[in-house]
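work.pdb (PDB, C-alpha atoms)
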```pdb
ATOM      1  CA  VAL A   1     252.913 -93.627  84.927
ATOM      2  CA  ASP A   2     253.056 -96.396  87.508
ATOM      3  CA  LEU A   3     255.910 -98.873  87.056
ATOM      4  CA  THR A   4     255.370-100.671  90.348
ATOM      5  CA  GLY A   5     256.258-104.320  89.852
ATOM      6  CA  LYS A   6     258.302-103.614  86.729
ATOM      7  CA  VAL A   7     261.978-104.632  86.668
ATOM      8  CA  ALA A   8     264.391-102.310  84.860
ATOM      9  CA  PHE A   9     267.923-103.448  84.033
ATOM     10  CA  ILE A  10     270.267-100.564  83.176
ATOM     11  CA  ALA A  11     273.663-101.567  81.787
ATOM     12  CA  GLY A  12     276.621 -99.231  81.922
ATOM     13  CA  VAL A  13     276.036 -97.139  85.048
ATOM     14  CA  ALA A  14     279.158 -96.487  87.113
ATOM     15  CA  ASP A  15     278.552 -93.038  88.618
ATOM     16  CA  THR A  16     275.816 -90.472  89.197
ATOM     17  CA  SER A  17     276.779 -88.058  86.415
ATOM     18  CA  GLY A  18     275.734 -89.823  83.231
ATOM     19  CA  TYR A  19     272.620 -90.497  81.213
ATOM     20  CA  GLY A  20     272.266 -94.035  82.559
ATOM     21  CA  TRP A  21     271.869 -92.745  86.106
ATOM     22  CA  ALA A  22     269.323 -90.134  85.003
ATOM     23  CA  ILE A  23     267.276 -92.820  83.249
ATOM     24  CA  ALA A  24     267.419 -95.068  86.314
ATOM     25  CA  LYS A  25     266.240 -92.194  88.489
ATOM     26  CA  GLU A  26     263.234 -91.396  86.287
ATOM     27  CA  LEU A  27     262.206 -95.057  86.244
ATOM     28  CA  ALA A  28     262.613 -95.226  90.029
ATOM     29  CA  ASN A  29     260.413 -92.134  90.375
ATOM     30  CA  ALA A  30     257.700 -94.127  88.618
ATOM     31  CA  GLY A  31     258.111 -97.081  90.992
ATOM     32  CA  ALA A  32     260.271 -99.485  88.948
ATOM     33  CA  THR A  33     262.669-101.918  90.600
ATOM     34  CA  ILE A  34     266.144-100.793  89.519
ATOM     35  CA  VAL A  35     268.938-103.279  88.850
ATOM     36  CA  ILE A  36     272.219-102.218  87.305
ATOM     37  CA  GLY A  37     275.088-103.781  85.364
ATOM     38  CA  THR A  38     278.467-102.153  86.032
ATOM     39  CA  TRP A  39     281.862-102.700  84.410
ATOM     40  CA  PRO A  40     283.814-104.980  86.817
ATOM     41  CA  PRO A  41     286.958-102.801  87.150
ATOM     42  CA  VAL A  42     284.908 -99.915  88.595
ATOM     43  CA  LEU A  43     282.302-101.963  90.474
ATOM     44  CA  LYS A  44     283.777-101.534  93.951
ATOM     45  CA  LEU A  45     284.356 -97.806  93.398
ATOM     46  CA  PHE A  46     280.722 -97.368  92.370
ATOM     47  CA  GLN A  47     279.422 -99.380  95.311
ATOM     48  CA  GLY A  48     281.623 -97.364  97.662
ATOM     49  CA  ALA A  49     280.428 -94.068  96.214
ATOM     50  CA  LEU A  50     276.790 -95.031  96.736
ATOM     51  CA  ARG A  51     277.451 -95.527 100.444
ATOM     52  CA  LYS A  52     278.738 -91.961 100.849
ATOM     53  CA  LYS A  53     276.579 -89.063 102.025
ATOM     54  CA  SER A  54     277.865 -87.035  99.071
ATOM     55  CA  THR A  55     275.642 -89.060  96.719
ATOM     56  CA  ASP A  56     272.454 -88.450  98.702
ATOM     57  CA  GLU A  57     271.414 -85.502  96.539
ATOM     58  CA  ALA A  58     271.908 -87.522  93.348
ATOM     59  CA  ARG A  59     269.830 -90.382  94.805
ATOM     60  CA  MET A  60     266.930 -88.223  95.985
ATOM     61  CA  LEU A  61     263.656 -88.890  94.187
ATOM     62  CA  ASP A  62     260.797 -86.479  93.569
ATOM     63  CA  ASP A  63     258.973 -87.556  96.741
ATOM     64  CA  GLY A  64     262.044 -86.940  98.904
ATOM     65  CA  SER A  65     262.936 -90.612  99.316
ATOM     66  CA  MET A  66     266.255 -92.106  98.223
ATOM     67  CA  MET A  67     266.527 -94.187  95.062
ATOM     68  CA  GLU A  68     267.227 -97.778  95.989
ATOM     69  CA  ILE A  69     269.229 -99.960  93.643
ATOM     70  CA  ALA A  70     267.952-103.472  94.228
ATOM     71  CA  LYS A  71     271.138-105.103  92.959
ATOM     72  CA  ILE A  72     274.321-104.266  91.053
ATOM     73  CA  TYR A  73     275.730-106.979  88.813
ATOM     74  CA  PRO A  74     279.270-106.992  87.418
ATOM     75  CA  LEU A  75     278.878-106.833  83.625
ATOM     76  CA  ASP A  76     281.451-106.676  80.861
ATOM     77  CA  ALA A  77     279.435-106.482  77.649
ATOM     78  CA  MET A  78     282.491-107.330  75.548
ATOM     79  CA  TYR A  79     281.897-110.978  76.395
ATOM     80  CA  ASP A  80     278.799-113.049  75.697
ATOM     81  CA  VAL A  81     279.711-116.284  77.519
ATOM     82  CA  PRO A  82     282.561-117.382  79.839
ATOM     83  CA  GLU A  83     284.387-119.071  76.952
ATOM     84  CA  ASP A  84     284.820-115.649  75.298
ATOM     85  CA  VAL A  85     286.856-114.197  78.156
ATOM     86  CA  PRO A  86     290.620-114.103  77.426
ATOM     87  CA  GLN A  87     292.976-115.578  79.992
ATOM     88  CA  GLU A  88     294.626-112.200  80.629
ATOM     89  CA  VAL A  89     291.251-110.754  81.617
ATOM     90  CA  MET A  90     290.480-113.688  83.907
ATOM     91  CA  GLU A  91     293.832-113.139  85.623
ATOM     92  CA  ASN A  92     293.513-109.345  85.790
ATOM     93  CA  LYS A  93     293.349-108.223  89.417
ATOM     94  CA  ARG A  94     290.663-105.658  88.505
ATOM     95  CA  TYR A  95     288.333-108.583  87.817
ATOM     96  CA  ALA A  96     289.353-110.603  90.856
ATOM     97  CA  GLY A  97     286.518-111.689  93.114
ATOM     98  CA  VAL A  98     283.700-109.953  91.220
ATOM     99  CA  GLY A  99     281.992-113.189  90.186
ATOM    100  CA  PRO A 100     280.393-114.017  86.820
ATOM    101  CA  PHE A 101     280.317-111.002  84.492
ATOM    102  CA  THR A 102     279.547-112.084  80.904
ATOM    103  CA  ILE A 103     276.209-111.142  79.364
ATOM    104  CA  GLN A 104     274.779-114.670  79.485
ATOM    105  CA  GLU A 105     275.854-115.156  83.098
ATOM    106  CA  VAL A 106     274.229-111.881  84.132
ATOM    107  CA  VAL A 107     271.012-112.836  82.313
ATOM    108  CA  GLU A 108     270.939-116.119  84.235
ATOM    109  CA  GLN A 109     271.459-114.300  87.546
ATOM    110  CA  VAL A 110     268.712-111.772  86.802
ATOM    111  CA  LYS A 111     266.349-114.593  85.831
ATOM    112  CA  ALA A 112     267.062-116.389  89.106
ATOM    113  CA  ASP A 113     266.661-113.190  91.154
ATOM    114  CA  TYR A 114     263.662-111.546  89.459
ATOM    115  CA  GLY A 115     262.262-113.949  86.870
ATOM    116  CA  LYS A 116     261.844-111.247  84.251
ATOM    117  CA  VAL A 117     263.027-107.910  82.861
ATOM    118  CA  ASP A 118     260.401-105.429  81.668
ATOM    119  CA  ILE A 119     262.788-102.629  80.703
ATOM    120  CA  LEU A 120     266.303-102.965  79.275
ATOM    121  CA  VAL A 121     268.637 -99.971  78.934
ATOM    122  CA  HIS A 122     271.941-100.106  77.061
ATOM    123  CA  SER A 123     273.946 -97.144  78.359
ATOM    124  CA  LEU A 124     277.498 -98.177  77.532
ATOM    125  CA  ALA A 125     280.158 -97.524  74.930
ATOM    126  CA  ASN A 126     283.912 -97.755  74.711
ATOM    127  CA  GLY A 127     286.522 -97.072  72.058
ATOM    128  CA  PRO A 128     290.118 -97.661  73.165
ATOM    129  CA  GLU A 129     291.374 -95.439  70.325
ATOM    130  CA  VAL A 130     288.649 -92.781  70.499
ATOM    131  CA  THR A 131     291.197 -89.936  70.422
ATOM    132  CA  LYS A 132     292.703 -91.152  67.134
ATOM    133  CA  PRO A 133     291.432 -89.991  63.730
ATOM    134  CA  LEU A 134     289.800 -92.760  61.713
ATOM    135  CA  LEU A 135     292.785 -92.784  59.326
ATOM    136  CA  GLU A 136     295.042 -93.682  62.249
ATOM    137  CA  THR A 137     292.712 -96.199  63.914
ATOM    138  CA  SER A 138     293.918 -99.792  63.992
ATOM    139  CA  ARG A 139     291.740-102.720  62.991
ATOM    140  CA  LYS A 140     291.883-103.941  66.585
ATOM    141  CA  GLY A 141     290.761-100.573  67.962
ATOM    142  CA  TYR A 142     287.982-100.200  65.387
ATOM    143  CA  LEU A 143     286.564-103.651  66.052
ATOM    144  CA  ALA A 144     286.838-103.149  69.831
ATOM    145  CA  ALA A 145     284.723 -99.984  69.555
ATOM    146  CA  SER A 146     282.156-101.850  67.472
ATOM    147  CA  SER A 147     282.071-104.803  69.856
ATOM    148  CA  ALA A 148     281.688-102.774  73.047
ATOM    149  CA  SER A 149     279.412-100.049  71.700
ATOM    150  CA  ALA A 150     277.207-101.740  69.093
ATOM    151  CA  TYR A 151     277.297-105.533  69.105
ATOM    152  CA  SER A 152     276.791-105.465  72.872
ATOM    153  CA  LEU A 153     273.254-104.200  72.212
ATOM    154  CA  VAL A 154     272.571-107.054  69.795
ATOM    155  CA  SER A 155     273.847-109.575  72.327
ATOM    156  CA  MET A 156     271.906-108.077  75.211
ATOM    157  CA  VAL A 157     268.629-108.014  73.290
ATOM    158  CA  SER A 158     269.065-111.577  72.044
ATOM    159  CA  LYS A 159     269.751-112.853  75.564
ATOM    160  CA  PHE A 160     267.458-110.657  77.664
ATOM    161  CA  ALA A 161     264.442-110.651  75.327
ATOM    162  CA  PRO A 162     263.357-114.182  76.322
ATOM    163  CA  LEU A 163     262.943-112.790  79.875
ATOM    164  CA  MET A 164     260.881-109.824  78.682
ATOM    165  CA  PRO A 165     257.072-109.979  78.687
ATOM    166  CA  PRO A 166     255.255-108.736  75.564
ATOM    167  CA  GLY A 167     255.120-104.962  75.763
ATOM    168  CA  GLY A 168     258.644-104.754  77.172
ATOM    169  CA  SER A 169     260.952-102.026  75.946
ATOM    170  CA  VAL A 170     264.637-101.658  75.080
ATOM    171  CA  LEU A 171     266.533 -98.372  74.810
ATOM    172  CA  SER A 172     270.114 -97.513  73.878
ATOM    173  CA  LEU A 173     272.041 -94.235  73.636
ATOM    174  CA  SER A 174     273.582 -92.911  70.441
ATOM    175  CA  TYR A 175     275.280 -89.699  69.284
ATOM    176  CA  ILE A 176     275.068 -87.435  66.238
ATOM    177  CA  ALA A 177     278.519 -88.669  65.113
ATOM    178  CA  SER A 178     276.608 -91.638  63.671
ATOM    179  CA  GLU A 179     275.538 -89.416  60.761
ATOM    180  CA  ARG A 180     277.634 -86.237  60.913
ATOM    181  CA  VAL A 181     281.391 -85.675  61.048
ATOM    182  CA  ILE A 182     282.468 -84.879  64.621
ATOM    183  CA  PRO A 183     286.251 -84.266  64.708
ATOM    184  CA  GLY A 184     287.769 -85.649  67.893
ATOM    185  CA  TYR A 185     285.275 -88.517  68.188
ATOM    186  CA  GLY A 186     287.424 -91.118  66.512
ATOM    187  CA  GLY A 187     288.736 -94.618  66.898
ATOM    188  CA  GLY A 188     285.752 -96.081  65.045
ATOM    189  CA  MET A 189     283.240 -94.719  67.554
ATOM    190  CA  SER A 190     281.292 -92.814  64.906
ATOM    191  CA  SER A 191     281.006 -96.056  62.929
ATOM    192  CA  ALA A 192     279.900 -97.931  66.054
ATOM    193  CA  LYS A 193     277.112 -95.408  66.680
ATOM    194  CA  ALA A 194     275.966 -95.759  63.068
ATOM    195  CA  GLN A 195     275.867 -99.526  63.598
ATOM    196  CA  LEU A 196     273.901 -99.067  66.796
ATOM    197  CA  GLU A 197     271.203 -97.033  65.056
ATOM    198  CA  SER A 198     270.982 -99.440  62.130
ATOM    199  CA  ASP A 199     270.790-102.408  64.496
ATOM    200  CA  THR A 200     268.044-100.634  66.456
ATOM    201  CA  ARG A 201     265.796-100.731  63.395
ATOM    202  CA  THR A 202     266.538-104.387  62.632
ATOM    203  CA  LEU A 203     266.154-105.434  66.268
ATOM    204  CA  ALA A 204     262.845-103.577  66.443
ATOM    205  CA  TRP A 205     261.574-105.795  63.630
ATOM    206  CA  GLU A 206     263.029-109.063  64.874
ATOM    207  CA  ALA A 207     262.414-108.647  68.614
ATOM    208  CA  GLY A 208     259.034-107.092  67.917
ATOM    209  CA  ARG A 209     257.831-110.062  65.899
ATOM    210  CA  LYS A 210     259.439-112.725  68.087
ATOM    211  CA  TYR A 211     258.879-111.301  71.584
ATOM    212  CA  GLY A 212     256.532-108.323  71.254
ATOM    213  CA  VAL A 213     259.291-106.019  72.524
ATOM    214  CA  ARG A 214     259.968-102.445  71.371
ATOM    215  CA  VAL A 215     263.517-101.224  70.597
ATOM    216  CA  ASN A 216     264.504 -97.545  70.295
ATOM    217  CA  THR A 217     267.566 -95.350  70.705
ATOM    218  CA  ILE A 218     268.131 -91.771  71.853
ATOM    219  CA  SER A 219     270.679 -89.659  70.007
ATOM    220  CA  ALA A 220     271.744 -87.538  72.948
ATOM    221  CA  GLY A 221     273.578 -84.231  72.867
ATOM    222  CA  PRO A 222     276.899 -83.655  74.640
ATOM    223  CA  LEU A 223     276.995 -84.029  78.430
ATOM    224  CA  LYS A 224     279.987 -83.456  80.688
ATOM    225  CA  SER A 225     279.869 -86.868  82.329
ATOM    226  CA  ARG A 226     282.869 -88.511  83.959
ATOM    227  CA  ALA A 227     283.402 -90.845  81.008
ATOM    228  CA  ALA A 228     283.030 -88.149  78.345
ATOM    229  CA  SER A 229     285.405 -85.829  80.200
ATOM    230  CA  ALA A 230     288.205 -88.344  79.725
ATOM    231  CA  ILE A 231     288.283 -87.845  75.923
ATOM    232  CA  GLY A 232     291.043 -85.514  74.719
ATOM    233  CA  ASN A 233     292.430 -82.361  76.288
ATOM    234  CA  GLU A 234     293.969 -80.275  73.545
ATOM    235  CA  GLY A 235     294.340 -76.538  73.997
ATOM    236  CA  GLY A 236     293.145 -76.699  77.583
ATOM    237  CA  LYS A 237     289.695 -78.041  76.679
ATOM    238  CA  THR A 238     288.390 -81.592  76.588
ATOM    239  CA  PHE A 239     286.453 -82.902  73.602
ATOM    240  CA  ILE A 240     283.191 -82.748  75.504
ATOM    241  CA  GLU A 241     283.727 -79.150  76.639
ATOM    242  CA  ARG A 242     284.178 -78.090  73.018
ATOM    243  CA  ALA A 243     281.122 -80.103  71.977
ATOM    244  CA  ILE A 244     278.984 -78.423  74.651
ATOM    245  CA  ASP A 245     280.194 -74.935  73.656
ATOM    246  CA  TYR A 246     279.428 -75.671  70.001
ATOM    247  CA  SER A 247     275.959 -76.941  70.838
ATOM    248  CA  VAL A 248     275.020 -73.930  72.964
ATOM    249  CA  ASN A 249     276.262 -71.566  70.234
ATOM    250  CA  ASN A 250     274.565 -73.327  67.316
ATOM    251  CA  ALA A 251     271.524 -75.357  68.440
ATOM    252  CA  PRO A 252     268.018 -73.938  67.934
ATOM    253  CA  LEU A 253     267.572 -74.032  71.711
ATOM    254  CA  SER A 254     270.614 -72.193  72.994
ATOM    255  CA  LEU A 255     270.579 -73.953  76.336
ATOM    256  CA  PRO A 256     272.829 -76.496  78.021
ATOM    257  CA  LEU A 257     271.642 -80.101  77.921
ATOM    258  CA  TYR A 258     271.239 -81.859  81.266
ATOM    259  CA  SER A 259     271.034 -85.565  81.964
ATOM    260  CA  GLU A 260     267.442 -85.269  83.165
ATOM    261  CA  HIS A 261     266.386 -84.128  79.673
ATOM    262  CA  VAL A 262     267.439 -87.522  78.348
ATOM    263  CA  GLY A 263     266.099 -89.264  81.452
ATOM    264  CA  LYS A 264     262.586 -87.913  80.949
ATOM    265  CA  THR A 265     262.526 -88.752  77.237
ATOM    266  CA  ALA A 266     263.818 -92.229  78.025
ATOM    267  CA  MET A 267     261.059 -92.739  80.590
ATOM    268  CA  CYS A 268     258.484 -91.987  77.888
ATOM    269  CA  LEU A 269     260.094 -94.346  75.374
ATOM    270  CA  LEU A 270     260.348 -97.134  77.942
ATOM    271  CA  THR A 271     256.699 -97.011  79.028
ATOM    272  CA  ASP A 272     253.245 -97.229  77.484
ATOM    273  CA  LEU A 273     253.330 -93.478  76.835
ATOM    274  CA  THR A 274     254.918 -94.443  73.499
ATOM    275  CA  VAL A 275     253.413 -97.895  73.066
ATOM    276  CA  GLY A 276     253.292 -97.504  69.268
ATOM    277  CA  VAL A 277     256.885 -96.294  68.852
ATOM    278  CA  THR A 278     259.681 -98.688  67.881
ATOM    279  CA  GLY A 279     262.734 -98.696  65.629
ATOM    280  CA  MET A 280     263.226 -94.969  66.179
ATOM    281  CA  THR A 281     266.252 -92.758  66.735
ATOM    282  CA  VAL A 282     264.927 -89.920  68.899
ATOM    283  CA  TYR A 283     267.053 -86.774  69.125
ATOM    284  CA  VAL A 284     267.456 -85.119  72.518
ATOM    285  CA  ASP A 285     270.043 -82.460  71.697
ATOM    286  CA  MET A 286     268.310 -79.069  71.815
ATOM    287  CA  GLY A 287     267.727 -79.446  68.067
ATOM    288  CA  LEU A 288     271.389 -79.429  67.039
ATOM    289  CA  HIS A 289     270.842 -82.365  64.667
ATOM    290  CA  ALA A 290     268.589 -80.175  62.508
ATOM    291  CA  MET A 291     271.271 -77.602  61.737
ATOM    292  CA  GLY A 292     273.154 -77.623  58.465
ATOM    293  CA  THR A 293     275.503 -74.755  59.206
ATOM    294  CA  ALA A 294     277.411 -73.323  62.164
ATOM    295  CA  MET A 295     276.069 -69.954  63.256
ATOM    296  CA  ASP A 296     279.306 -69.109  65.070
ATOM    297  CA  SER A 297     281.248 -69.488  61.805
ATOM    298  CA  PRO A 298     283.182 -66.405  60.595
ATOM    299  CA  ALA A 299     280.982 -66.637  57.481
ATOM    300  CA  TYR A 300     278.106 -65.303  59.589
ATOM    301  CA  GLU A 301     280.098 -62.566  61.296
ATOM    302  CA  GLY A 302     278.101 -59.347  61.438
ATOM    303  CA  LEU A 303     274.769 -61.099  60.883
ATOM    304  CA  GLU A 304     272.277 -60.362  63.620
ATOM    305  CA  LYS A 305     271.301 -63.588  65.359
ATOM    306  CA  PRO A 306     268.182 -64.102  67.479
ATOM    307  CA  VAL A 307     269.171 -64.280  71.139
ATOM    308  CA  ARG A 308     267.016 -65.873  73.797
ATOM    309  CA  THR A 309     266.617 -63.534  76.756
ATOM    310  CA  PRO A 310     266.009 -64.721  80.340
ATOM    311  CA  GLU A 311     262.329 -63.899  79.759
ATOM    312  CA  GLY A 312     262.270 -66.315  76.822
ATOM    313  CA  ARG A 313     261.833 -63.603  74.145
TER     314      ARG A 313
END
```
Structure translated into structure tokens:
Amino acid sequence: VDLTGKVAFIAGVADTSGYGWAIAKELANAGATIVIGTWPPVLKLFQGALRKKSTDEARMLDDGSMMEIAKIYPLDAMYDVPEDVPQEVMENKRYAGVGPFTIQEVVEQVKADYGKVDILVHSLANGPEVTKPLLETSRKGYLAASSASAYSLVSMVSKFAPLMPPGGSVLSLSYIASERVIPGYGGGMSSAKAQLESDTRTLAWEAGRKYGVRVNTISAGPLKSRAASAIGNEGGKTFIERAIDYSVNNAPLSLPLYSEHVGKTAMCLLTDLTVGVTGMTVYVDMGLHAMGTAMDSPAYEGLEKPVRTPEGR
């Protein structure tokens, strides 16, 4: 795959540990020009981290060169246009001096800088009440999760698609909580992921017919990223640590999931390797989505379970 001359905009990257970074790296390996949208309050921290030698390993591409990020734009996907931004946000010192950061403003900057976007990646989500059970989630918290994690995709596609040539591709990231109960993943986030997957199908139809653009989502398994590690810490374990342990114990492939697994699948979905695929939710979770029962349940105690040896037998 040769993506030389293609412009890829990845929204939601703020460190080198998450799926967004892995996707950017795979696209860079194929020659794409990488531009990133980062949440304004962490923009300077991210830019500073990229200048440190400690990130060299994370930036190294397959040919030994370093991944270059052509430009990083401040982006807060909660806001479509400047008029949407509340006064308290405008006056917040964490936003001071970053420049325009609404979706429409970023689209206009990208258009001026590059003239087009061939690949659009939505790698962002936020639920201010994610640690609360749904029964305890406020209307404000629920709608905030939906706005940041689901409607942001709708807004980004509607505003970026006019810059995308026919054959362009959009990808977002979902989670199995969209269709299964995942205790600890609350605050309306499970509902937001269900919205995201439903909107993916509708956007595939609408953006496909209007712009000739494909729209898909990856339902990714648990990864111990910086953002995910901030959710919960009951009993000495974070939510994501428990989710990873459960996956390794119960998925058909009893292996840990790494960001590059999602990165490689994303690269396929974002290129002509899958030119006929749109409106899909693609699972990259070692097969956990296929399971209907937990093999580490006491109900299965004493039952011999197949174990994968280092030799693969």
Using 12 Å as the limit and counting all atoms listed in the file, can you tabulate each residue of region 115-209 of chain A that touches region 74-96 of chain A, with its shortest atom-to-atom distance in Å and the two atoms involved, as CSV?
```
residue,atom,partner,partner_atom,distance
A:His122,CA,A:Ala77,CA,9.9
A:Ser123,CA,A:Ala77,CA,10.9
A:Leu124,CA,A:Ala77,CA,8.5
A:Ala125,CA,A:Ala77,CA,9.4
A:Asn126,CA,A:Met78,CA,9.7
A:Gly127,CA,A:Met78,CA,11.6
A:Leu143,CA,A:Met78,CA,11.0
A:Ala144,CA,A:Met78,CA,8.3
A:Ala145,CA,A:Met78,CA,9.7
A:Ser146,CA,A:Met78,CA,9.8
A:Ser147,CA,A:Met78,CA,6.2
A:Ala148,CA,A:Met78,CA,5.3
A:Ser149,CA,A:Ala77,CA,8.8
A:Ala150,CA,A:Ala77,CA,10.0
A:Tyr151,CA,A:Met78,CA,8.5
A:Ser152,CA,A:Ala77,CA,5.6
A:Leu153,CA,A:Ala77,CA,8.5
A:Val154,CA,A:Ala77,CA,10.4
A:Ser155,CA,A:Asp80,CA,6.9
A:Met156,CA,A:Ala77,CA,8.1
A:Val157,CA,A:Asp80,CA,11.6
A:Ser158,CA,A:Asp80,CA,10.5
A:Lys159,CA,A:Asp80,CA,9.1
A:Phe160,CA,A:Asp80,CA,11.8
```
Save out the residues we just selected, C-alpha atoms, as a JSON list (two decimals), in the frame of the given file.
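out19.json written:
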```json
[["chain", "number", "residue", "atom", "x", "y", "z"],
["A", 122, "HIS", "CA", 271.94, -100.11, 77.06],
["A", 123, "SER", "CA", 273.95, -97.14, 78.36],
["A", 124, "LEU", "CA", 277.50, -98.18, 77.53],
["A", 125, "ALA", "CA", 280.16, -97.52, 74.93],
["A", 126, "ASN", "CA", 283.91, -97.76, 74.71],
["A", 127, "GLY", "CA", 286.52, -97.07, 72.06],
["A", 143, "LEU", "CA", 286.56, -103.65, 66.05],
["A", 144, "ALA", "CA", 286.84, -103.15, 69.83],
["A", 145, "ALA", "CA", 284.72, -99.98, 69.56],
["A", 146, "SER", "CA", 282.16, -101.85, 67.47],
["A", 147, "SER", "CA", 282.07, -104.80, 69.86],
["A", 148, "ALA", "CA", 281.69, -102.77, 73.05],
["A", 149, "SER", "CA", 279.41, -100.05, 71.70],
["A", 150, "ALA", "CA", 277.21, -101.74, 69.09],
["A", 151, "TYR", "CA", 277.30, -105.53, 69.10],
["A", 152, "SER", "CA", 276.79, -105.46, 72.87],
["A", 153, "LEU", "CA", 273.25, -104.20, 72.21],
["A", 154, "VAL", "CA", 272.57, -107.05, 69.80],
["A", 155, "SER", "CA", 273.85, -109.58, 72.33],
["A", 156, "MET", "CA", 271.91, -108.08, 75.21],
["A", 157, "VAL", "CA", 268.63, -108.01, 73.29],
["A", 158, "SER", "CA", 269.06, -111.58, 72.04],
["A", 159, "LYS", "CA", 269.75, -112.85, 75.56],
["A", 160, "PHE", "CA", 267.46, -110.66, 77.66]]
```
Quick one: distance from CA of Asn216 (chain A) to CA of Tyr185 (chain A) in Å, one decimal?
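Result for CA of Asn216 (chain A) versus CA of Tyr185 (chain A): 22.7 Å, one decimal.
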One decimal, Å: what's the distance from CA of Lys264 (chain A) over to CA of Val181 (chain A), could you say?
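Between these atoms lies a distance of 27.5 Å.
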Identify the residues within 9 Å of coordinate (265.2, -102.5, 95.6) (same frame as the file), considering only C-alpha atoms, and give the answer as a CSV table (one decimal) with C-alpha atoms, in the frame of the given file.
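What landed in out16.csv:
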```csv
chain,number,residue,atom,x,y,z
A,32,ALA,CA,260.3,-99.5,88.9
A,33,THR,CA,262.7,-101.9,90.6
A,34,ILE,CA,266.1,-100.8,89.5
A,35,VAL,CA,268.9,-103.3,88.8
A,67,MET,CA,266.5,-94.2,95.1
A,68,GLU,CA,267.2,-97.8,96.0
A,69,ILE,CA,269.2,-100.0,93.6
A,70,ALA,CA,268.0,-103.5,94.2
A,71,LYS,CA,271.1,-105.1,93.0
```
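With all atoms listed in the file as the atoms that count, the minimum distance from Phe46 (chain A) to the choices A:Asn29, A:Thr217, A:Ser65, A:Ser17 is reached by A:Ser17.
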Using Å and a single decimal, report how far CA of Leu27 (chain A) sits from CA of Ala8 (chain A).
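A separation of 7.7 Å between them.
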Show me, as an MDAnalysis selection string, the residues that have an atom within 12 Å of Leu173 (chain A) when counting all atoms listed in the file, minus same-chain residues fewer than 6 positions from it.
chainID A and resid 10:12 18:20 23 120:125 149:150 153 192:197 200 215:222 262:263 265:266 280:284
Centre and edge lengths, as JSON, for the axis-aligned box enclosing every listed atom of region 206-209 of chain A with 8 Å of padding on each of the six sides, in Å to one decimal?
```
{"center_x": 260.4, "center_y": -108.6, "center_z": 66.7, "size_x": 21.2, "size_y": 19.0, "size_z": 19.7}
```
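Excluding region 244-252 of chain A and any residue on its chain fewer than 2 positions from it, the residues at most 10 Å away by only C-alpha atoms are Gly221, Pro222, Leu223, Lys224, Phe239, Ile240, Glu241, Arg242, Ser254, Leu255, Pro256, Leu257, Asp285, Met286, Gly287, Leu288, His289, Ala290, Met291, Gly292, Thr293, Ala294, Met295, Asp296, Ser297 and Pro306 of chain A.
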Taking into account only C-alpha atoms, which residue in the set A:Ala177, A:Val170, A:Leu303, A:Val110 is nearest to Leu270 (chain A)?
A:Val170
For the PyMOL selection byres ((chain A and resi 1) around 10), applied here, can you spell out every residue it catches as a tab-separated table (two decimals) with C-alpha atoms, keeping the file's coordinate frame?
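Result file is part16.tsv:
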```
chain	number	residue	atom	x	y	z
A	2	ASP	CA	253.06	-96.40	87.51
A	3	LEU	CA	255.91	-98.87	87.06
A	4	THR	CA	255.37	-100.67	90.35
A	27	LEU	CA	262.21	-95.06	86.24
A	29	ASN	CA	260.41	-92.13	90.38
A	30	ALA	CA	257.70	-94.13	88.62
A	31	GLY	CA	258.11	-97.08	90.99
A	267	MET	CA	261.06	-92.74	80.59
A	268	CYS	CA	258.48	-91.99	77.89
A	271	THR	CA	256.70	-97.01	79.03
A	272	ASP	CA	253.24	-97.23	77.48
A	273	LEU	CA	253.33	-93.48	76.83
```
